[in-house]
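*Asks:* I have a structure I would like to understand better, so I am pasting it below and will then ask my questions one at a time.
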Amino acid sequence: MPVTITGLSHHSSPVELRERFAFTEAQIIEALNQIREKGIAKEAMILSTCNRVEIYAIPKEPNKAFTQELSQFLCDFHDINENPGDALYSFNDSNSIDHLFRVSCGIDSMVLGETEILGQLKQSYKLALEQKATGPILNKIFQKAFNVAKLIRTKTQIQRGSISVSSVAVELAESIFDSLESQQVLVIGAGDTSEKAARALKSRGASSILVSNRSHEKAMSLAEELHGRAINFDTWEQEFKTIDIIISSTSAQHYVLKRDKLQTMLKQRGNSPLLIIDIAVPRDIDPDCNQVENVYVYNIDDLQTIASQYLNQRKADISNCEKLIIKKRDEILKDLKSYHQKPALILNKQQTTS
Amino acid sequence: MLPERLWFLSAVVIYGLGLLYSIFIWRRGFQYNNWTSYVLLSIAFILHTIALTNRGFSLKQCPVNNLYEATTFILWTISLSSLICGLWTRLRYIGVFTAPLLFCVGVFAMMPGLDPEYGDEPNFINGWASLHASLIMLGYGAFGLSAITGSMFLTQDRNLKLHRASAIFSMLPSIQRLEKLITSSLIFGLVLLTVGLGIGAIFLDLPEGMSFWNDSKVVWSLLVWGFYLSLLIAHLKLDQRGRRYAWLSIIVFGFVIFTFWGTNLLSTIHNP
């Protein structure tokens with residue numbers, strides 16, 4: 001049993017459920033500590049993105065109930081009492097390696113071949129490494145996963161083109177606005193995906209970018225990078241009159257913008273179209289805002305559903321990726337097998353020499 | 001059946017094929033740079049033009065003397081402006097939106113009662129009256145174009161609201177561009193209608209004992225003029241935008257199409 005994976009993703013659950021299972025960075029550290037303290041697993045790593053929440057773990061001893069224990073831990077940690085049913089999935093044996101490789105190279109992402117997931121995976125692995133939650137098996141498997149992602153990027157067409165949440169956001173903006181050159185973008189919450197979306201809009205000509213974040217320093221730093229302007233988080237509504245596109249990705253646990261408030265603010269802007277990209281999980285924007293005339297609200301699932309349409313155009317290359325994944329999976333399984341046999345060999349050698 | 005009516009009938013049949021293709025495209029989506037609807041519209045336009053010019057040459061003047069001629073003239077204007085707009089890649093699919101309107105109104109125009117045979121001494125309009133009528137028909141053509149771009153707006157708006165991928169894969173222009181197109185068509189149509197009505201009021205003599213204000217067509221035309229003026233003021237001055245604006249451009253043109261025939265028949269000046 002190389003690694004067991006338990007979690008949920010956009011394939012198995014909607015954003016409403018995923019947001020309940022999502023981990024913040026502080027929660028990941030706490031969860032890894034709990035896994036160690038409770039003796040659930042000897043190695044563990046937690047990946048929590050807007051697309052998926054997954055625990056990668058190695059059991060202390062081969063244990064048939066291990067998968068069930070991990071699922072229970074996920075539910076208990078988030079105080080979820082009801083049974084999530086099929087939303088939670090698990091992978092064991094060679095399937096788990098396949099799954100990790102597929103995740104690392106973006107094949108399992110809603111936006112096929114997207115590269116953001118690799119960065120998120122590396123960051124999550126680094127965090128687990130810093131917490132000393134990983135061990136020789138996970139280290140080996142993850143290093144291999146990063147290599148496979150690189151190999152697939154260079155050997156196949158799967159990551160070519162502009163398939164990402166940010167590029168979908170740009171295309172949406174171009175379906176609404178005549179030209180992006182005269183549009184003003186407001187970024188609320190300086191997250192990684194929102195930064196990418198803002199950069200993509202900027203590269204297509206968006207005239208100016210305002211950044212608002214709870215940490216004003218972070219806002220200023222991002223604004224500087226984007227040649228934009230940082231505004232105070234509590235006063236972003238004052239700038240609303242001039243805003244055409246909002247990208248929101250705060251870590252707030254409640255809606256940052258509700259329909260009533262939006263309708264009041266819209267009166268200032270002469271009913272001109274407004275595109276709101278809500279990439280936060282939990283969501284920042286009340287979904288009812290989409291019912292307001294001239295307002296177009298897209299959450300992370302909407303963007304990813306659109307992006308998945310590109311899937312058909314890329315399907316031809318999936319089979320090539322799968323072949324590479326199977327080849328590399330067999331290699332790592334062989335490596336792990338020899339790794340597990342090593343202590344026995346060493347022991348045999350010692351016995352022979354003595 | 002007059003030869004030019006045969007030409008027009010052929011054009012209507014092609015518009016009908018365009019309508020069938022429209023249904024197919026609506027189901028498939030506006031995803032590829034496809035010339036089919038544009039080519040169908042072009043063929044129909046050529047046949048339509050032959051029908052119109054034949055009638056014009058046979059009468060030796062602009063063919064806007066009866067309801068058949070007026071209707072075909074309006075449709076020809078819509079067809080021509082759609083072809084011009086369709087030269088722009090993002091508006092290539094305009095034929096898909098135009099064909100249903102051209103086919104339905106074209107079938108209506110083919111009704112024999114709308115095109116009575118001229119007697120030995122036909123009472124043709126000429127000079128200022130001809131200019132008055134043709135400018136107004138061109139104006140209605142521009143209003144028709146605004147309704148067509150309005151329906152394109154609603155299609156794109158609906159796709160965006162429902163988060164359909166077709167909103168970004170489609171070859172339709174952005175909704176902001178479509179809104180601008182609606183406004184341009186409305187302004188163009190209103191200017192033509194205003195000049196046409198002005199020519200009628202200033203240069204045309206009324207038959208003795210008649211008043212403009214007692215004529216249903218004059219009152220109706222002023223009503224239409226008022227509707228379009230109000231729509232433009234609401235848009236340009238009162239920020240009436242988006243879906244409601246697109247719907248109003250379609251509804252007002254629908255009113256024009258559905259009442260044009262009736263008010264013409266009731267008019268004593270325009271239907272002597």
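Residues are named by chain letter and number: chains run A, B, ... in the order of the structure tokens, numbers start at 1 in each chain, and ligands are numbered from 1 in the order shown.
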Set the distance at 12 Å and use only C-alpha atoms: which residues neighbour Ser211 of chain B once local chain neighbours fewer than 4 positions away are removed? I'd like the list as an MDAnalysis selection string.
*Replies:* chainID B and resid 201 205:207 215:219 267:269
*Asks:* Quick check: residues of chain B within 7 Å of chain A, only C-alpha atoms, returned as number ranges by chain.
*Replies:* B: 160-161, 163-165, 167-168, 173-177, 239, 241-242
*Asks:* With a distance cut-off of 9 Å and only C-alpha atoms, select the neighbouring residues of segment 186-189 of chain B, excluding the residue or stretch itself and same-chain residues fewer than 6 positions from it, and output the selection as a PDB file with all heavy atoms, in the first residue's frame.
*Replies:*
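Everything below was put into around-v3.pdb:
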```pdb
ATOM      1  N   ILE B 136     -38.570  56.902 -45.284  1.00  0.00           N
ATOM      2  CA  ILE B 136     -39.260  56.286 -44.137  1.00  0.00           C
ATOM      3  C   ILE B 136     -39.048  54.768 -44.140  1.00  0.00           C
ATOM      4  O   ILE B 136     -38.774  54.165 -43.096  1.00  0.00           O
ATOM      5  CB  ILE B 136     -40.763  56.661 -44.150  1.00  0.00           C
ATOM      6  CG1 ILE B 136     -40.904  58.157 -43.808  1.00  0.00           C
ATOM      7  CG2 ILE B 136     -41.556  55.810 -43.159  1.00  0.00           C
ATOM      8  CD1 ILE B 136     -42.299  58.710 -43.948  1.00  0.00           C
ATOM      9  N   LEU B 138     -36.509  53.169 -45.430  1.00  0.00           N
ATOM     10  CA  LEU B 138     -35.119  52.928 -45.015  1.00  0.00           C
ATOM     11  C   LEU B 138     -34.996  53.047 -43.492  1.00  0.00           C
ATOM     12  O   LEU B 138     -34.275  52.287 -42.849  1.00  0.00           O
ATOM     13  CB  LEU B 138     -34.173  53.936 -45.688  1.00  0.00           C
ATOM     14  CG  LEU B 138     -33.850  53.681 -47.164  1.00  0.00           C
ATOM     15  CD1 LEU B 138     -33.139  54.888 -47.769  1.00  0.00           C
ATOM     16  CD2 LEU B 138     -32.982  52.445 -47.325  1.00  0.00           C
ATOM     17  N   GLY B 139     -35.710  54.008 -42.939  1.00  0.00           N
ATOM     18  CA  GLY B 139     -35.723  54.194 -41.482  1.00  0.00           C
ATOM     19  C   GLY B 139     -36.252  52.957 -40.791  1.00  0.00           C
ATOM     20  O   GLY B 139     -35.655  52.473 -39.816  1.00  0.00           O
ATOM     21  N   TYR B 140     -37.343  52.399 -41.308  1.00  0.00           N
ATOM     22  CA  TYR B 140     -37.901  51.179 -40.707  1.00  0.00           C
ATOM     23  C   TYR B 140     -36.910  50.018 -40.838  1.00  0.00           C
ATOM     24  O   TYR B 140     -36.821  49.155 -39.963  1.00  0.00           O
ATOM     25  CB  TYR B 140     -39.246  50.816 -41.341  1.00  0.00           C
ATOM     26  CG  TYR B 140     -40.357  51.794 -40.999  1.00  0.00           C
ATOM     27  CD1 TYR B 140     -41.382  52.060 -41.897  1.00  0.00           C
ATOM     28  CD2 TYR B 140     -40.366  52.466 -39.780  1.00  0.00           C
ATOM     29  CE1 TYR B 140     -42.396  52.975 -41.597  1.00  0.00           C
ATOM     30  CE2 TYR B 140     -41.351  53.375 -39.469  1.00  0.00           C
ATOM     31  CZ  TYR B 140     -42.372  53.629 -40.378  1.00  0.00           C
ATOM     32  OH  TYR B 140     -43.341  54.528 -40.063  1.00  0.00           O
ATOM     33  N   GLY B 141     -36.175  50.004 -41.949  1.00  0.00           N
ATOM     34  CA  GLY B 141     -35.137  48.984 -42.135  1.00  0.00           C
ATOM     35  C   GLY B 141     -34.093  49.084 -41.027  1.00  0.00           C
ATOM     36  O   GLY B 141     -33.669  48.073 -40.462  1.00  0.00           O
ATOM     37  N   ALA B 142     -33.695  50.322 -40.713  1.00  0.00           N
ATOM     38  CA  ALA B 142     -32.703  50.532 -39.642  1.00  0.00           C
ATOM     39  C   ALA B 142     -33.284  50.100 -38.295  1.00  0.00           C
ATOM     40  O   ALA B 142     -32.584  49.489 -37.469  1.00  0.00           O
ATOM     41  CB  ALA B 142     -32.285  51.992 -39.592  1.00  0.00           C
ATOM     42  N   PHE B 143     -34.562  50.373 -38.078  1.00  0.00           N
ATOM     43  CA  PHE B 143     -35.199  49.927 -36.826  1.00  0.00           C
ATOM     44  C   PHE B 143     -35.220  48.387 -36.765  1.00  0.00           C
ATOM     45  O   PHE B 143     -35.067  47.802 -35.696  1.00  0.00           O
ATOM     46  CB  PHE B 143     -36.629  50.475 -36.714  1.00  0.00           C
ATOM     47  CG  PHE B 143     -36.686  51.977 -36.551  1.00  0.00           C
ATOM     48  CD1 PHE B 143     -37.692  52.721 -37.157  1.00  0.00           C
ATOM     49  CD2 PHE B 143     -35.747  52.644 -35.784  1.00  0.00           C
ATOM     50  CE1 PHE B 143     -37.749  54.106 -37.013  1.00  0.00           C
ATOM     51  CE2 PHE B 143     -35.787  54.025 -35.632  1.00  0.00           C
ATOM     52  CZ  PHE B 143     -36.789  54.758 -36.252  1.00  0.00           C
ATOM     53  N   GLY B 144     -35.432  47.778 -37.953  1.00  0.00           N
ATOM     54  CA  GLY B 144     -35.404  46.312 -38.028  1.00  0.00           C
ATOM     55  C   GLY B 144     -34.038  45.783 -37.611  1.00  0.00           C
ATOM     56  O   GLY B 144     -33.932  44.800 -36.877  1.00  0.00           O
ATOM     57  N   LEU B 145     -32.994  46.473 -38.061  1.00  0.00           N
ATOM     58  CA  LEU B 145     -31.633  46.068 -37.701  1.00  0.00           C
ATOM     59  C   LEU B 145     -31.410  46.196 -36.194  1.00  0.00           C
ATOM     60  O   LEU B 145     -30.747  45.357 -35.577  1.00  0.00           O
ATOM     61  CB  LEU B 145     -30.615  46.930 -38.458  1.00  0.00           C
ATOM     62  CG  LEU B 145     -29.171  46.452 -38.387  1.00  0.00           C
ATOM     63  CD1 LEU B 145     -29.002  45.123 -39.103  1.00  0.00           C
ATOM     64  CD2 LEU B 145     -28.223  47.486 -38.974  1.00  0.00           C
ATOM     65  N   SER B 146     -31.986  47.251 -35.612  1.00  0.00           N
ATOM     66  CA  SER B 146     -31.840  47.422 -34.150  1.00  0.00           C
ATOM     67  C   SER B 146     -32.517  46.261 -33.418  1.00  0.00           C
ATOM     68  O   SER B 146     -32.008  45.767 -32.408  1.00  0.00           O
ATOM     69  CB  SER B 146     -32.402  48.764 -33.686  1.00  0.00           C
ATOM     70  OG  SER B 146     -33.809  48.726 -33.651  1.00  0.00           O
ATOM     71  N   TYR B 228     -39.607  55.677 -30.594  1.00  0.00           N
ATOM     72  CA  TYR B 228     -38.164  55.538 -30.803  1.00  0.00           C
ATOM     73  C   TYR B 228     -37.381  56.679 -30.165  1.00  0.00           C
ATOM     74  O   TYR B 228     -36.305  56.470 -29.609  1.00  0.00           O
ATOM     75  CB  TYR B 228     -37.842  55.407 -32.302  1.00  0.00           C
ATOM     76  CG  TYR B 228     -38.025  53.985 -32.788  1.00  0.00           C
ATOM     77  CD1 TYR B 228     -39.004  53.655 -33.726  1.00  0.00           C
ATOM     78  CD2 TYR B 228     -37.224  52.956 -32.299  1.00  0.00           C
ATOM     79  CE1 TYR B 228     -39.179  52.350 -34.156  1.00  0.00           C
ATOM     80  CE2 TYR B 228     -37.387  51.647 -32.717  1.00  0.00           C
ATOM     81  CZ  TYR B 228     -38.365  51.347 -33.651  1.00  0.00           C
ATOM     82  OH  TYR B 228     -38.531  50.050 -34.061  1.00  0.00           O
ATOM     83  N   LEU B 229     -37.950  57.892 -30.241  1.00  0.00           N
ATOM     84  CA  LEU B 229     -37.280  59.035 -29.607  1.00  0.00           C
ATOM     85  C   LEU B 229     -37.201  58.815 -28.089  1.00  0.00           C
ATOM     86  O   LEU B 229     -36.144  59.022 -27.481  1.00  0.00           O
ATOM     87  CB  LEU B 229     -38.031  60.339 -29.921  1.00  0.00           C
ATOM     88  CG  LEU B 229     -37.390  61.615 -29.384  1.00  0.00           C
ATOM     89  CD1 LEU B 229     -36.052  61.890 -30.072  1.00  0.00           C
ATOM     90  CD2 LEU B 229     -38.310  62.826 -29.581  1.00  0.00           C
ATOM     91  N   LEU B 231     -37.246  55.996 -26.538  1.00  0.00           N
ATOM     92  CA  LEU B 231     -36.316  54.898 -26.271  1.00  0.00           C
ATOM     93  C   LEU B 231     -34.871  55.403 -26.258  1.00  0.00           C
ATOM     94  O   LEU B 231     -34.076  55.057 -25.369  1.00  0.00           O
ATOM     95  CB  LEU B 231     -36.504  53.806 -27.346  1.00  0.00           C
ATOM     96  CG  LEU B 231     -35.714  52.508 -27.187  1.00  0.00           C
ATOM     97  CD1 LEU B 231     -35.935  51.872 -25.833  1.00  0.00           C
ATOM     98  CD2 LEU B 231     -36.101  51.526 -28.291  1.00  0.00           C
ATOM     99  N   LEU B 232     -34.562  56.258 -27.240  1.00  0.00           N
ATOM    100  CA  LEU B 232     -33.202  56.803 -27.307  1.00  0.00           C
ATOM    101  C   LEU B 232     -32.910  57.737 -26.137  1.00  0.00           C
ATOM    102  O   LEU B 232     -31.814  57.701 -25.566  1.00  0.00           O
ATOM    103  CB  LEU B 232     -32.998  57.543 -28.637  1.00  0.00           C
ATOM    104  CG  LEU B 232     -32.543  56.653 -29.790  1.00  0.00           C
ATOM    105  CD1 LEU B 232     -32.564  57.413 -31.101  1.00  0.00           C
ATOM    106  CD2 LEU B 232     -31.129  56.116 -29.537  1.00  0.00           C
ATOM    107  N   SER B 249     -36.262  47.582 -27.999  1.00  0.00           N
ATOM    108  CA  SER B 249     -35.982  47.759 -29.433  1.00  0.00           C
ATOM    109  C   SER B 249     -36.724  46.702 -30.250  1.00  0.00           C
ATOM    110  O   SER B 249     -37.184  46.976 -31.361  1.00  0.00           O
ATOM    111  CB  SER B 249     -34.479  47.716 -29.699  1.00  0.00           C
ATOM    112  OG  SER B 249     -33.997  46.405 -29.531  1.00  0.00           O
TER     113      SER B 249
END
```
*Asks:* Go through segment 221-256 of chain A and collect every residue that DSSP, computed from the backbone, puts in alpha helix (DSSP H); the answer should be as an MDAnalysis selection string.
*Replies:* chainID A and resid 221:225
*Asks:* Could you write out that same residue set with all heavy atoms as an mmCIF file, in the first residue's frame?
*Replies:*
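again_3.cif, written as the output of this step:
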```
data_model
loop_
_atom_site.group_PDB
_atom_site.id
_atom_site.type_symbol
_atom_site.label_atom_id
_atom_site.label_comp_id
_atom_site.auth_asym_id
_atom_site.auth_seq_id
_atom_site.Cartn_x
_atom_site.Cartn_y
_atom_site.Cartn_z
ATOM 1 N N SER A 221 1.717 45.696 -2.030
ATOM 2 C CA SER A 221 2.743 44.921 -2.732
ATOM 3 C C SER A 221 2.209 44.418 -4.085
ATOM 4 O O SER A 221 2.869 44.531 -5.117
ATOM 5 C CB SER A 221 3.163 43.766 -1.830
ATOM 6 O OG SER A 221 3.720 42.745 -2.559
ATOM 7 N N LEU A 222 0.981 43.879 -4.063
ATOM 8 C CA LEU A 222 0.394 43.376 -5.313
ATOM 9 C C LEU A 222 0.098 44.530 -6.274
ATOM 10 O O LEU A 222 0.339 44.419 -7.485
ATOM 11 C CB LEU A 222 -0.892 42.588 -5.012
ATOM 12 C CG LEU A 222 -1.624 42.001 -6.215
ATOM 13 C CD1 LEU A 222 -0.730 41.057 -7.007
ATOM 14 C CD2 LEU A 222 -2.885 41.244 -5.783
ATOM 15 N N ALA A 223 -0.407 45.627 -5.723
ATOM 16 C CA ALA A 223 -0.717 46.792 -6.556
ATOM 17 C C ALA A 223 0.538 47.293 -7.255
ATOM 18 O O ALA A 223 0.505 47.666 -8.437
ATOM 19 C CB ALA A 223 -1.333 47.894 -5.698
ATOM 20 N N GLU A 224 1.630 47.258 -6.538
ATOM 21 C CA GLU A 224 2.901 47.715 -7.122
ATOM 22 C C GLU A 224 3.302 46.805 -8.288
ATOM 23 O O GLU A 224 3.698 47.273 -9.352
ATOM 24 C CB GLU A 224 3.980 47.704 -6.036
ATOM 25 C CG GLU A 224 5.176 48.567 -6.392
ATOM 26 C CD GLU A 224 6.234 48.557 -5.295
ATOM 27 O OE1 GLU A 224 5.965 48.016 -4.207
ATOM 28 O OE2 GLU A 224 7.307 49.077 -5.541
ATOM 29 N N GLU A 225 3.140 45.507 -8.061
ATOM 30 C CA GLU A 225 3.491 44.539 -9.113
ATOM 31 C C GLU A 225 2.628 44.707 -10.358
ATOM 32 O O GLU A 225 3.082 44.519 -11.475
ATOM 33 C CB GLU A 225 3.311 43.115 -8.587
ATOM 34 C CG GLU A 225 4.473 42.624 -7.760
ATOM 35 C CD GLU A 225 4.237 41.196 -7.305
ATOM 36 O OE1 GLU A 225 3.806 40.377 -8.129
ATOM 37 O OE2 GLU A 225 4.454 40.916 -6.114
#
```
*Asks:* As a list in words, please: the residues near Met137 of chain B (cut-off 10 Å, only C-alpha atoms, same-chain neighbours under 6 positions excluded).
*Replies:*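 Near neighbours after the sequence-gap exclusion: Val64, Ala70, Thr71, Thr72, Phe73, Ile74, Leu75, Trp76, Thr77, Leu131, Phe143, Gly189, Leu192, Leu193 and Gly196 of chain B.
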*Asks:* Do you know which residues are at most 12 Å from Ala147 of chain B counting only C-alpha atoms, after dropping those on the same chain fewer than 6 positions away, and could you put them as a PyMOL selection string?
*Replies:* chain B and resi 78+82+94+97-98+101+140-141+153-154+178-179+181-186+189+228+245-257
*Asks:* Separation of atom CA of Gln61 of chain B and atom CA of Ser130 of chain B, in Å?
*Replies:*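 So the two atoms, atom CA of Gln61 of chain B and atom CA of Ser130 of chain B, lie 7.9 Å apart.
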